[in-house]
$ cat start39.txt   # compact mmCIF, C-alpha atoms
# COMPACT_ATOMS: atom_id res chain seq x y z
CA MET U 1 0.00 0.00 0.00
CA GLN U 2 1.11 3.59 -0.56
CA ASP U 3 2.13 5.79 2.38
CA ILE U 4 -0.68 8.32 1.88
CA ILE U 5 -4.35 8.30 0.98
CA THR U 6 -5.02 8.95 -2.71
CA LEU U 7 -8.32 9.44 -4.52
CA ASP U 8 -8.10 5.78 -5.55
CA TYR U 9 -8.91 4.79 -1.96
CA GLY U 10 -12.37 6.26 -2.39
CA SER U 11 -13.05 4.79 -5.82
CA GLY U 12 -14.76 1.62 -4.61
CA GLY U 13 -12.17 -0.45 -6.45
CA LEU U 14 -8.96 -2.25 -5.57
CA LYS U 15 -7.53 0.42 -3.28
CA THR U 16 -10.79 0.71 -1.36
CA ALA U 17 -10.81 -3.06 -0.90
CA GLN U 18 -7.23 -2.93 0.38
CA LEU U 19 -8.14 -0.24 2.87
CA ILE U 20 -11.04 -2.32 4.14
CA ASP U 21 -9.25 -5.68 4.14
CA GLU U 22 -5.87 -4.55 5.51
CA ILE U 23 -6.80 -1.83 8.02
CA LEU U 24 -10.51 -1.72 8.94
CA VAL U 25 -11.67 -5.33 9.08
CA PRO U 26 -8.69 -6.63 11.09
CA ALA U 27 -9.09 -3.83 13.63
CA PHE U 28 -12.85 -4.17 14.10
CA ALA U 29 -13.15 -7.93 13.47
CA ASN U 30 -16.54 -9.45 14.32
CA THR U 31 -19.05 -11.75 12.65
CA ALA U 32 -21.45 -9.06 11.42
CA LEU U 33 -18.66 -6.98 9.88
CA SER U 34 -16.96 -9.95 8.23
CA GLN U 35 -19.93 -10.37 5.85
CA LEU U 36 -18.98 -7.03 4.23
CA GLY U 37 -22.52 -6.36 3.10
CA ASP U 38 -24.08 -2.98 2.41
CA GLY U 39 -25.37 -3.10 5.97
CA ALA U 40 -24.98 -5.28 9.05
CA VAL U 41 -27.50 -7.99 9.88
CA LEU U 42 -27.83 -7.98 13.65
CA PRO U 43 -29.53 -10.30 16.13
CA ALA U 44 -32.84 -9.21 17.61
CA LEU U 45 -32.54 -6.77 20.50
CA ASP U 46 -33.92 -7.75 23.88
CA GLY U 47 -35.68 -4.45 24.52
CA PRO U 48 -36.63 -1.08 23.00
CA PRO U 49 -33.84 0.20 20.74
CA VAL U 50 -31.90 3.38 21.48
CA PHE U 51 -30.29 5.07 18.46
CA SER U 52 -27.86 7.96 18.12
CA THR U 53 -25.45 9.45 15.58
CA ASP U 54 -22.65 12.00 15.71
CA SER U 55 -19.87 13.44 13.54
CA PHE U 56 -16.33 14.32 14.60
CA VAL U 57 -14.13 17.03 13.08
CA VAL U 58 -11.72 17.78 15.95
CA SER U 59 -8.55 19.64 15.00
CA PRO U 60 -5.86 18.47 15.49
CA TRP U 61 -6.91 14.85 15.23
CA ARG U 62 -4.56 13.86 18.07
CA PHE U 63 -4.66 15.66 21.42
CA PRO U 64 -3.37 14.96 24.96
CA GLY U 65 -5.38 12.03 26.26
CA GLY U 66 -6.99 10.92 23.01
CA ASP U 67 -7.54 11.22 19.28
CA ILE U 68 -10.40 11.43 16.81
CA GLY U 69 -10.81 7.63 16.71
CA LYS U 70 -11.24 7.31 20.47
CA LEU U 71 -13.45 10.40 20.50
CA ALA U 72 -15.72 9.06 17.76
CA VAL U 73 -16.43 5.87 19.67
CA CYS U 74 -16.82 7.60 23.04
CA GLY U 75 -19.11 10.27 21.64
CA THR U 76 -21.78 7.91 20.35
CA VAL U 77 -21.40 5.34 23.14
CA ASN U 78 -21.90 8.13 25.66
CA ASP U 79 -24.96 9.52 23.89
CA LEU U 80 -26.57 6.09 24.05
CA CYS U 81 -25.71 5.78 27.73
CA MET U 82 -27.13 9.23 28.54
CA ALA U 83 -30.41 8.19 26.92
CA GLY U 84 -30.60 5.29 29.38
CA GLY U 85 -29.36 2.71 26.90
CA VAL U 86 -26.82 -0.09 26.90
CA PRO U 87 -24.68 0.38 23.75
CA HIS U 88 -24.22 -2.66 21.48
CA TYR U 89 -23.32 -1.72 17.90
CA LEU U 90 -21.68 1.17 16.05
CA SER U 91 -21.14 2.21 12.45
CA PHE U 92 -17.85 3.92 11.57
CA SER U 93 -17.64 6.11 8.47
CA LEU U 94 -14.54 7.94 7.30
CA ILE U 95 -14.13 11.05 5.16
CA LEU U 96 -10.44 11.23 4.28
CA GLU U 97 -8.51 13.98 2.55
CA GLU U 98 -6.17 13.07 -0.26
CA GLY U 99 -2.64 13.01 1.16
CA PHE U 100 -3.58 11.84 4.66
CA ALA U 101 -0.90 9.50 6.01
CA LEU U 102 -1.83 5.82 6.12
CA ASP U 103 0.16 5.33 9.32
CA ASP U 104 -1.96 8.01 10.95
CA LEU U 105 -5.11 6.30 9.73
CA ARG U 106 -3.93 3.00 11.21
CA ALA U 107 -3.28 4.69 14.55
CA ILE U 108 -6.77 6.23 14.55
CA VAL U 109 -8.48 2.96 13.61
CA ASP U 110 -6.52 1.03 16.25
CA SER U 111 -7.50 3.61 18.87
CA ALA U 112 -11.17 3.34 17.88
CA ALA U 113 -10.98 -0.45 18.06
CA ARG U 114 -9.43 -0.40 21.55
CA THR U 115 -12.06 2.02 22.79
CA ALA U 116 -14.89 -0.06 21.31
CA ARG U 117 -13.59 -3.15 23.10
CA GLN U 118 -13.33 -1.17 26.34
CA ALA U 119 -16.93 -0.02 25.96
CA GLY U 120 -18.19 -3.51 25.03
CA VAL U 121 -19.50 -2.51 21.60
CA GLN U 122 -18.93 -3.88 18.11
CA ILE U 123 -18.25 -1.77 15.03
CA VAL U 124 -20.31 -3.67 12.47
CA THR U 125 -20.55 -1.50 9.36
CA GLY U 126 -19.09 1.65 7.84
CA ASP U 127 -18.10 3.61 4.78
CA THR U 128 -15.07 5.44 3.36
CA LYS U 129 -14.99 8.50 1.13
CA VAL U 130 -11.96 10.45 -0.11
CA VAL U 131 -12.03 14.14 -1.05
CA GLU U 132 -9.44 16.09 -3.02
CA HIS U 133 -6.47 17.67 -1.28
CA GLY U 134 -7.51 21.02 0.17
CA ARG U 135 -11.21 20.03 0.32
CA GLY U 136 -11.02 18.53 3.82
CA ASP U 137 -8.89 18.67 6.94
CA GLY U 138 -7.21 15.28 7.01
CA ILE U 139 -9.97 13.16 8.48
CA TYR U 140 -13.58 13.41 9.61
CA ILE U 141 -15.51 10.52 11.20
CA ASN U 142 -19.22 9.80 11.56
CA THR U 143 -20.48 7.16 13.96
CA ALA U 144 -24.00 5.91 14.60
CA GLY U 145 -24.93 3.60 17.44
CA VAL U 146 -27.66 1.20 18.51
CA GLY U 147 -28.33 0.02 22.03
CA VAL U 148 -31.08 -1.33 24.25
CA LEU U 149 -33.06 0.84 26.65
CA ARG U 150 -32.38 -0.03 30.28
CA ALA U 151 -33.85 3.01 32.05
CA PRO U 152 -37.08 4.42 30.58
CA GLY U 153 -38.39 7.77 31.74
CA LEU U 154 -35.17 9.75 31.97
CA GLY U 155 -35.40 13.36 30.85
CA ARG U 156 -36.36 16.94 31.64
CA GLY U 157 -39.91 16.01 32.47
CA ALA U 158 -38.73 13.85 35.36
CA LEU U 159 -36.99 16.69 37.25
CA ARG U 160 -38.46 17.78 40.58
CA GLU U 161 -37.78 20.63 42.98
CA GLY U 162 -35.23 19.48 45.55
CA ASP U 163 -33.40 17.11 43.20
CA VAL U 164 -29.61 16.98 43.47
CA VAL U 165 -27.13 17.69 40.65
CA LEU U 166 -23.97 15.57 40.47
CA VAL U 167 -20.97 15.60 38.14
CA SER U 168 -18.74 12.56 37.68
CA GLY U 169 -15.43 14.46 37.76
CA SER U 170 -13.51 17.64 37.02
CA VAL U 171 -14.89 19.81 34.24
CA GLY U 172 -13.47 21.49 31.14
CA CYS U 173 -10.56 19.10 30.58
CA HIS U 174 -11.22 18.21 26.95
CA GLY U 175 -11.54 21.75 25.67
CA ALA U 176 -8.36 22.80 27.45
CA ALA U 177 -6.44 19.77 26.14
CA VAL U 178 -7.43 20.54 22.54
CA LEU U 179 -6.33 24.14 23.00
CA MET U 180 -2.93 22.92 24.19
CA ALA U 181 -2.65 20.57 21.20
CA ARG U 182 -3.30 23.54 18.88
CA GLY U 183 -0.54 25.57 20.52
CA ASP U 184 -3.07 28.16 21.66
CA LEU U 185 -1.72 28.06 25.22
CA PRO U 186 1.52 29.89 25.99
CA CYS U 187 2.64 27.23 28.45
CA GLU U 188 2.85 23.48 28.88
CA GLY U 189 1.35 21.42 31.68
CA ALA U 190 -0.39 18.24 32.70
CA LEU U 191 -3.49 18.83 30.60
CA LEU U 192 -5.24 15.66 29.45
CA SER U 193 -8.63 15.26 27.81
CA ASP U 194 -11.20 13.44 29.92
CA CYS U 195 -12.26 11.49 26.79
CA ARG U 196 -13.59 8.10 27.90
CA PRO U 197 -16.68 5.90 27.50
CA LEU U 198 -19.33 6.41 30.18
CA HIS U 199 -20.93 2.96 30.08
CA GLN U 200 -19.71 1.93 33.53
CA LEU U 201 -20.45 5.25 35.21
CA SER U 202 -23.97 5.47 33.79
CA ALA U 203 -24.68 1.86 34.73
CA ALA U 204 -23.48 2.47 38.30
CA ALA U 205 -25.68 5.55 38.66
CA LEU U 206 -28.76 3.81 37.30
CA GLU U 207 -28.22 0.75 39.46
CA ALA U 208 -28.03 2.97 42.56
CA GLY U 209 -31.52 4.24 41.71
CA GLY U 210 -33.36 7.54 41.81
CA VAL U 211 -31.76 9.03 38.69
CA ARG U 212 -33.96 11.53 36.86
CA MET U 213 -31.67 12.61 34.02
CA LEU U 214 -28.21 11.97 32.58
CA ARG U 215 -26.20 14.08 30.14
CA ASP U 216 -22.60 14.43 29.03
CA PRO U 217 -21.58 18.11 28.88
CA THR U 218 -19.78 18.27 25.54
CA ARG U 219 -19.95 21.41 23.37
CA GLY U 220 -20.92 24.38 25.52
CA GLY U 221 -19.75 22.63 28.68
CA VAL U 222 -21.54 22.18 31.98
CA ALA U 223 -23.22 25.59 31.97
CA THR U 224 -24.86 25.19 28.56
CA THR U 225 -25.92 21.61 29.24
CA LEU U 226 -27.59 22.50 32.54
CA ASN U 227 -29.46 25.33 30.82
CA GLU U 228 -30.94 22.73 28.49
CA PHE U 229 -32.24 20.88 31.57
CA VAL U 230 -34.46 23.74 32.77
CA GLU U 231 -35.02 26.18 29.88
CA GLY U 232 -38.69 26.92 29.39
CA SER U 233 -39.63 25.16 32.63
CA SER U 234 -40.73 26.31 36.09
CA LEU U 235 -37.52 24.95 37.61
CA CYS U 236 -34.07 26.42 38.24
CA ILE U 237 -30.68 24.84 38.85
CA GLU U 238 -28.56 26.44 41.56
CA LEU U 239 -24.86 25.55 41.57
CA GLU U 240 -22.29 26.00 44.32
CA GLU U 241 -19.13 27.37 42.70
CA ASP U 242 -16.78 25.96 45.33
CA ALA U 243 -18.24 22.46 44.90
CA ILE U 244 -17.53 22.21 41.16
CA PRO U 245 -14.28 20.27 40.57
CA VAL U 246 -11.86 22.02 38.20
CA ASP U 247 -8.30 20.71 37.82
CA PRO U 248 -5.66 23.43 38.49
CA PRO U 249 -4.08 23.13 35.00
CA VAL U 250 -7.52 23.62 33.41
CA ALA U 251 -8.27 26.61 35.63
CA ALA U 252 -4.90 28.13 34.78
CA ALA U 253 -5.29 27.55 31.04
CA CYS U 254 -8.77 29.06 30.97
CA SER U 255 -7.60 32.02 33.04
CA LEU U 256 -4.77 32.75 30.60
CA LEU U 257 -7.19 32.89 27.68
CA GLY U 258 -10.08 34.55 29.47
CA LEU U 259 -12.27 31.44 29.22
CA ASP U 260 -14.66 29.91 31.75
CA PRO U 261 -14.13 26.19 32.56
CA LEU U 262 -17.91 25.83 32.94
CA TYR U 263 -18.22 26.48 29.19
CA SER U 264 -15.28 24.27 28.20
CA ALA U 265 -16.19 20.90 26.72
CA CYS U 266 -15.96 17.55 28.47
CA GLU U 267 -15.87 14.24 26.59
CA GLY U 268 -15.81 11.80 29.48
CA ARG U 269 -17.86 13.42 32.22
CA MET U 270 -21.48 12.87 33.18
CA LEU U 271 -24.05 15.13 34.78
CA ALA U 272 -26.70 13.30 36.79
CA VAL U 273 -29.81 14.71 38.42
CA CYS U 274 -31.23 12.41 41.08
CA ALA U 275 -33.83 12.35 43.82
CA PRO U 276 -32.53 13.86 47.08
CA GLU U 277 -32.98 10.62 49.00
CA SER U 278 -30.81 8.78 46.43
CA ALA U 279 -28.04 11.36 46.07
CA SER U 280 -25.61 9.82 48.57
CA ALA U 281 -25.98 6.35 47.06
CA VAL U 282 -25.54 7.59 43.49
CA LEU U 283 -22.50 9.68 44.44
CA ALA U 284 -20.88 6.72 46.22
CA ALA U 285 -21.60 4.48 43.23
CA LEU U 286 -19.91 6.96 40.86
CA GLN U 287 -16.87 7.35 43.12
CA ALA U 288 -16.40 3.56 43.16
CA VAL U 289 -16.05 3.35 39.36
CA PRO U 290 -12.81 4.16 37.46
CA GLY U 291 -13.20 7.65 36.07
CA GLY U 292 -15.66 8.68 38.75
CA GLU U 293 -13.30 9.04 41.70
CA GLY U 294 -13.71 12.82 41.58
CA ALA U 295 -17.50 12.81 41.41
CA ALA U 296 -19.14 15.59 43.41
CA GLN U 297 -22.49 17.10 44.34
CA ILE U 298 -22.54 20.54 42.73
CA GLY U 299 -26.07 21.87 43.07
CA ARG U 300 -29.81 21.46 43.42
CA VAL U 301 -33.00 21.92 41.45
CA THR U 302 -35.13 24.74 42.86
CA ALA U 303 -37.98 26.97 41.72
CA ARG U 304 -36.42 30.33 42.69
CA ARG U 305 -35.53 31.55 39.16
CA PRO U 306 -37.56 29.51 36.66
CA GLY U 307 -35.72 28.46 33.52
CA GLN U 308 -32.31 29.68 34.69
CA VAL U 309 -29.01 28.31 36.00
CA VAL U 310 -27.58 30.27 38.93
CA LEU U 311 -23.99 30.03 40.19
CA ARG U 312 -23.53 30.92 43.88
CA ASN U 313 -20.14 31.70 45.41
CA SER U 314 -18.83 31.42 48.95
CA PHE U 315 -19.26 35.18 49.53
CA GLY U 316 -23.01 35.00 49.12
CA GLY U 317 -23.05 36.44 45.63
CA SER U 318 -24.54 34.84 42.55
CA ARG U 319 -24.64 35.17 38.77
CA ILE U 320 -26.77 33.78 36.00
CA LEU U 321 -25.10 31.23 33.73
CA GLY U 322 -26.64 31.46 30.28
CA LYS U 323 -25.99 29.27 27.28
CA LEU U 324 -22.68 29.65 25.48
CA THR U 325 -22.81 32.39 22.87
CA GLY U 326 -20.41 32.33 19.96
CA ALA U 327 -17.76 29.71 19.27
CA GLN U 328 -15.56 29.79 22.38
CA LEU U 329 -13.74 26.63 21.29
CA PRO U 330 -14.49 25.63 17.67
CA ARG U 331 -13.72 22.15 16.31
CA ILE U 332 -13.22 20.46 19.69
CA CYS U 333 -15.15 17.29 18.84

$ encode --input "start39.txt" --output "structure tokens"
Amino acid sequence: MQDIITLDYGSGGLKTAQLIDEILVPAFANTALSQLGDGAVLPALDGPPVFSTDSFVVSPWRFPGGDIGKLAVCGTVNDLCMAGGVPHYLSFSLILEEGFALDDLRAIVDSAARTARQAGVQIVTGDTKVVEHGRGDGIYINTAGVGVLRAPGLGRGALREGDVVLVSGSVGCHGAAVLMARGDLPCEGALLSDCRPLHQLSAAALEAGGVRMLRDPTRGGVATTLNEFVEGSSLCIELEEDAIPVDPPVAAACSLLGLDPLYSACEGRMLAVCAPESASAVLAALQAVPGGEGAAQIGRVTARRPGQVVLRNSFGGSRILGKLTGAQLPRIC
């Protein structure tokens, strides 16, 4: 095979077959994929299906703590988990730019395969397209996922006054890590993306009971995601600033650039709203799972300021956290 992607790799001919047979199929090997049909024939699901899709255009494709392959698997796995599902199957479609290095593609595919195994899902179908040099940015990935519903009834309509808001770990890590990878930070430090699959954390929370809603705070960060919980409703979310975990390197990076960690993306953190009587059990369950050791209670659902998210500080002051406006961190997922 050549060292770079050429237009031939998207022709549907010999080069496409080589790409599939020598890179993709060995990495994602499973029975459904091995048939190489136009779609995967899957066994019957044992419950209501949960379906999600997402596209990934992060730049650069490799960043501290992850890469676009890992991110593509985590993104769709996590969306299925946040909907109360157990992920089972993914599609994996590539849009490659002419000139992209084959060794880089192998690294991305291997990373996606490792992450899929970690999350307990199979990549069973996909597609590859190649665009002319200058018409893309190296590589874009689309994934779609299918799972089985394990927890019906999650969502905004389940929230009640007095509910407790939890986060599974420190916030803003992914956005800060991508900024460092771009060279947008004038310093170096221990900044790593939190990119990881949330299948174990979501399962632990649901098994503890009393969960009303789950979400992963990706683009727009924690502040924007929590606004989506209560906008247009009679409820408010009140956060305690001192209770929100932010790693010092993330806080320093955001401070240097005038950014707010609460609007910086996460790709491996989970927000959970649960009944007050279940909060301690859910928090303990999260803290017992790898990746949830830093889980914390950060706020409550009230009715004081309907439709708004309020951040309270230790001095008794408060401010309204609206949705992110503008593109604070473009191309981070």

$ closest_atom_pairs --input "start39.txt" --of "stretch 189-301 of chain U" --to "stretch 156-161 of chain U" --cutoff "12 Å" --atoms "only C-alpha atoms" --output "Markdown table"
| residue | atom | partner | partner_atom | distance |
| --- | --- | --- | --- | --- |
| U:Gly210 | CA | U:Ala158 | CA | 10.5 |
| U:Val211 | CA | U:Ala158 | CA | 9.1 |
| U:Arg212 | CA | U:Ala158 | CA | 5.5 |
| U:Met213 | CA | U:Arg156 | CA | 6.8 |
| U:Leu214 | CA | U:Arg156 | CA | 9.6 |
| U:Arg215 | CA | U:Arg156 | CA | 10.7 |
| U:Thr225 | CA | U:Arg156 | CA | 11.7 |
| U:Leu226 | CA | U:Arg156 | CA | 10.4 |
| U:Asn227 | CA | U:Arg156 | CA | 10.9 |
| U:Glu228 | CA | U:Arg156 | CA | 8.5 |
| U:Phe229 | CA | U:Arg156 | CA | 5.7 |
| U:Val230 | CA | U:Arg156 | CA | 7.2 |
| U:Glu231 | CA | U:Arg156 | CA | 9.5 |
| U:Gly232 | CA | U:Arg156 | CA | 10.5 |
| U:Ser233 | CA | U:Arg156 | CA | 8.9 |
| U:Ser234 | CA | U:Glu161 | CA | 9.4 |
| U:Leu235 | CA | U:Glu161 | CA | 6.9 |
| U:Cys236 | CA | U:Glu161 | CA | 8.4 |
| U:Ile237 | CA | U:Glu161 | CA | 9.2 |
| U:Glu238 | CA | U:Glu161 | CA | 11.0 |
| U:Ala272 | CA | U:Leu159 | CA | 10.8 |
| U:Val273 | CA | U:Leu159 | CA | 7.5 |
| U:Cys274 | CA | U:Leu159 | CA | 8.1 |
| U:Ala275 | CA | U:Arg160 | CA | 7.8 |
| U:Pro276 | CA | U:Glu161 | CA | 9.5 |
| U:Gly299 | CA | U:Glu161 | CA | 11.8 |
| U:Arg300 | CA | U:Glu161 | CA | 8.0 |
| U:Val301 | CA | U:Glu161 | CA | 5.2 |

$ residues_around --input "start39.txt" --residues "U:Ala119" --least-positions-apart "3" --cutoff "7 Å" --atoms "all atoms listed in the file" --output "PDB file with C-alpha atoms, keeping the file's coordinate frame"
ATOM      1  CA  THR U 115     -12.060   2.020  22.790  1.00  0.00           C
ATOM      2  CA  ALA U 116     -14.890  -0.060  21.310  1.00  0.00           C
ATOM      3  CA  PRO U 197     -16.680   5.900  27.500  1.00  0.00           C
ATOM      4  CA  HIS U 199     -20.930   2.960  30.080  1.00  0.00           C
TER       5      HIS U 199
END

$ residues_around --input "start39.txt" --residues "stretch 101-113 of chain U" --least-positions-apart "2" --cutoff "10 Å" --atoms "all atoms listed in the file" --output "NGL selection string"
:U and (1-6 or 19 or 22-29 or 61-62 or 66-74 or 92 or 94 or 96-99 or 115-119 or 121-123 or 138-139)

$ atom_distance --input "start39.txt" --atom1 "atom CA of U:Ala284" --atom2 "atom CA of U:Leu166"
11.0 Å

$ atom_distance --input "start39.txt" --atom1 "atom CA of U:Thr16" --atom2 "atom CA of U:Leu36"
12.6 Å

$ residues_around --input "start39.txt" --residues "U:Leu271" --least-positions-apart "2" --cutoff "12 Å" --atoms "all atoms listed in the file" --output "VMD selection string"
chain U and resid 78 81 to 82 164 to 171 198 201 to 202 205 211 to 218 221 to 226 229 244 266 to 269 273 to 274 282 to 283 286 292 295 to 299

$ write_last_selection --input "start39.txt" --atoms "C-alpha atoms" --output "CSV table (one decimal), in the coordinates of the input"
chain,number,residue,atom,x,y,z
U,78,ASN,CA,-21.9,8.1,25.7
U,81,CYS,CA,-25.7,5.8,27.7
U,82,MET,CA,-27.1,9.2,28.5
U,164,VAL,CA,-29.6,17.0,43.5
U,165,VAL,CA,-27.1,17.7,40.6
U,166,LEU,CA,-24.0,15.6,40.5
U,167,VAL,CA,-21.0,15.6,38.1
U,168,SER,CA,-18.7,12.6,37.7
U,169,GLY,CA,-15.4,14.5,37.8
U,170,SER,CA,-13.5,17.6,37.0
U,171,VAL,CA,-14.9,19.8,34.2
U,198,LEU,CA,-19.3,6.4,30.2
U,201,LEU,CA,-20.4,5.2,35.2
U,202,SER,CA,-24.0,5.5,33.8
U,205,ALA,CA,-25.7,5.6,38.7
U,211,VAL,CA,-31.8,9.0,38.7
U,212,ARG,CA,-34.0,11.5,36.9
U,213,MET,CA,-31.7,12.6,34.0
U,214,LEU,CA,-28.2,12.0,32.6
U,215,ARG,CA,-26.2,14.1,30.1
U,216,ASP,CA,-22.6,14.4,29.0
U,217,PRO,CA,-21.6,18.1,28.9
U,218,THR,CA,-19.8,18.3,25.5
U,221,GLY,CA,-19.8,22.6,28.7
U,222,VAL,CA,-21.5,22.2,32.0
U,223,ALA,CA,-23.2,25.6,32.0
U,224,THR,CA,-24.9,25.2,28.6
U,225,THR,CA,-25.9,21.6,29.2
U,226,LEU,CA,-27.6,22.5,32.5
U,229,PHE,CA,-32.2,20.9,31.6
U,244,ILE,CA,-17.5,22.2,41.2
U,266,CYS,CA,-16.0,17.6,28.5
U,267,GLU,CA,-15.9,14.2,26.6
U,268,GLY,CA,-15.8,11.8,29.5
U,269,ARG,CA,-17.9,13.4,32.2
U,273,VAL,CA,-29.8,14.7,38.4
U,274,CYS,CA,-31.2,12.4,41.1
U,282,VAL,CA,-25.5,7.6,43.5
U,283,LEU,CA,-22.5,9.7,44.4
U,286,LEU,CA,-19.9,7.0,40.9
U,292,GLY,CA,-15.7,8.7,38.8
U,295,ALA,CA,-17.5,12.8,41.4
U,296,ALA,CA,-19.1,15.6,43.4
U,297,GLN,CA,-22.5,17.1,44.3
U,298,ILE,CA,-22.5,20.5,42.7
U,299,GLY,CA,-26.1,21.9,43.1

$ atom_distance --input "start39.txt" --atom1 "atom CA of U:Ser278" --atom2 "atom CA of U:Ala204"
12.6 Å

$ closest_residue --input "start39.txt" --among "U:Gly120, U:Pro49, U:Gly12, U:Gly65" --to "U:Leu149" --atoms "all atoms listed in the file"
U:Pro49

$ residues_around --input "start39.txt" --residues "U:Pro43" --least-positions-apart "2" --cutoff "12 Å" --atoms "all atoms listed in the file" --output "list in words"
Thr31, Ala32, Ala40, Val41, Leu45, Asp46, Gly47, His88, Tyr89, Val124, Val146 and Gly147 of chain U

$ residues_around --input "start39.txt" --residues "U:Ala190" --least-positions-apart "2" --cutoff "12 Å" --atoms "all atoms listed in the file" --output "mmCIF file with C-alpha atoms, keeping the file's coordinate frame"
data_model
loop_
_atom_site.group_PDB
_atom_site.id
_atom_site.type_symbol
_atom_site.label_atom_id
_atom_site.label_comp_id
_atom_site.auth_asym_id
_atom_site.auth_seq_id
_atom_site.Cartn_x
_atom_site.Cartn_y
_atom_site.Cartn_z
ATOM 1 C CA PRO U 64 -3.370 14.960 24.960
ATOM 2 C CA GLY U 65 -5.380 12.030 26.260
ATOM 3 C CA CYS U 173 -10.560 19.100 30.580
ATOM 4 C CA ALA U 176 -8.360 22.800 27.450
ATOM 5 C CA ALA U 177 -6.440 19.770 26.140
ATOM 6 C CA MET U 180 -2.930 22.920 24.190
ATOM 7 C CA ALA U 181 -2.650 20.570 21.200
ATOM 8 C CA CYS U 187 2.640 27.230 28.450
ATOM 9 C CA GLU U 188 2.850 23.480 28.880
ATOM 10 C CA LEU U 192 -5.240 15.660 29.450
ATOM 11 C CA SER U 193 -8.630 15.260 27.810
ATOM 12 C CA ASP U 247 -8.300 20.710 37.820
ATOM 13 C CA PRO U 248 -5.660 23.430 38.490
ATOM 14 C CA PRO U 249 -4.080 23.130 35.000
ATOM 15 C CA VAL U 250 -7.520 23.620 33.410
ATOM 16 C CA ALA U 251 -8.270 26.610 35.630
ATOM 17 C CA ALA U 252 -4.900 28.130 34.780
ATOM 18 C CA ALA U 253 -5.290 27.550 31.040
#

$ closest_residue --input "start39.txt" --among "U:Leu329, U:Gly322, U:Arg312, U:Gly209" --to "U:Leu259" --atoms "only C-alpha atoms"
U:Leu329

$ closest_residue --input "start39.txt" --among "U:Ile141, U:Leu90, U:Leu239, U:Val178" --to "U:Gln308" --atoms "only C-alpha atoms"
U:Leu239

$ closest_residue --input "start39.txt" --among "U:Ala203, U:Pro330, U:Ile320, U:Pro245" --to "U:Ala288" --atoms "all atoms listed in the file"
U:Ala203

$ axis_aligned_box --input "start39.txt" --around "stretch 268-282 of chain U" --padding-each-side "4 Å" --output "lines of an AutoDock Vina configuration file"
center_x = -24.8
center_y = 10.7
center_z = 39.2
size_x = 26.0
size_y = 16.8
size_z = 27.5
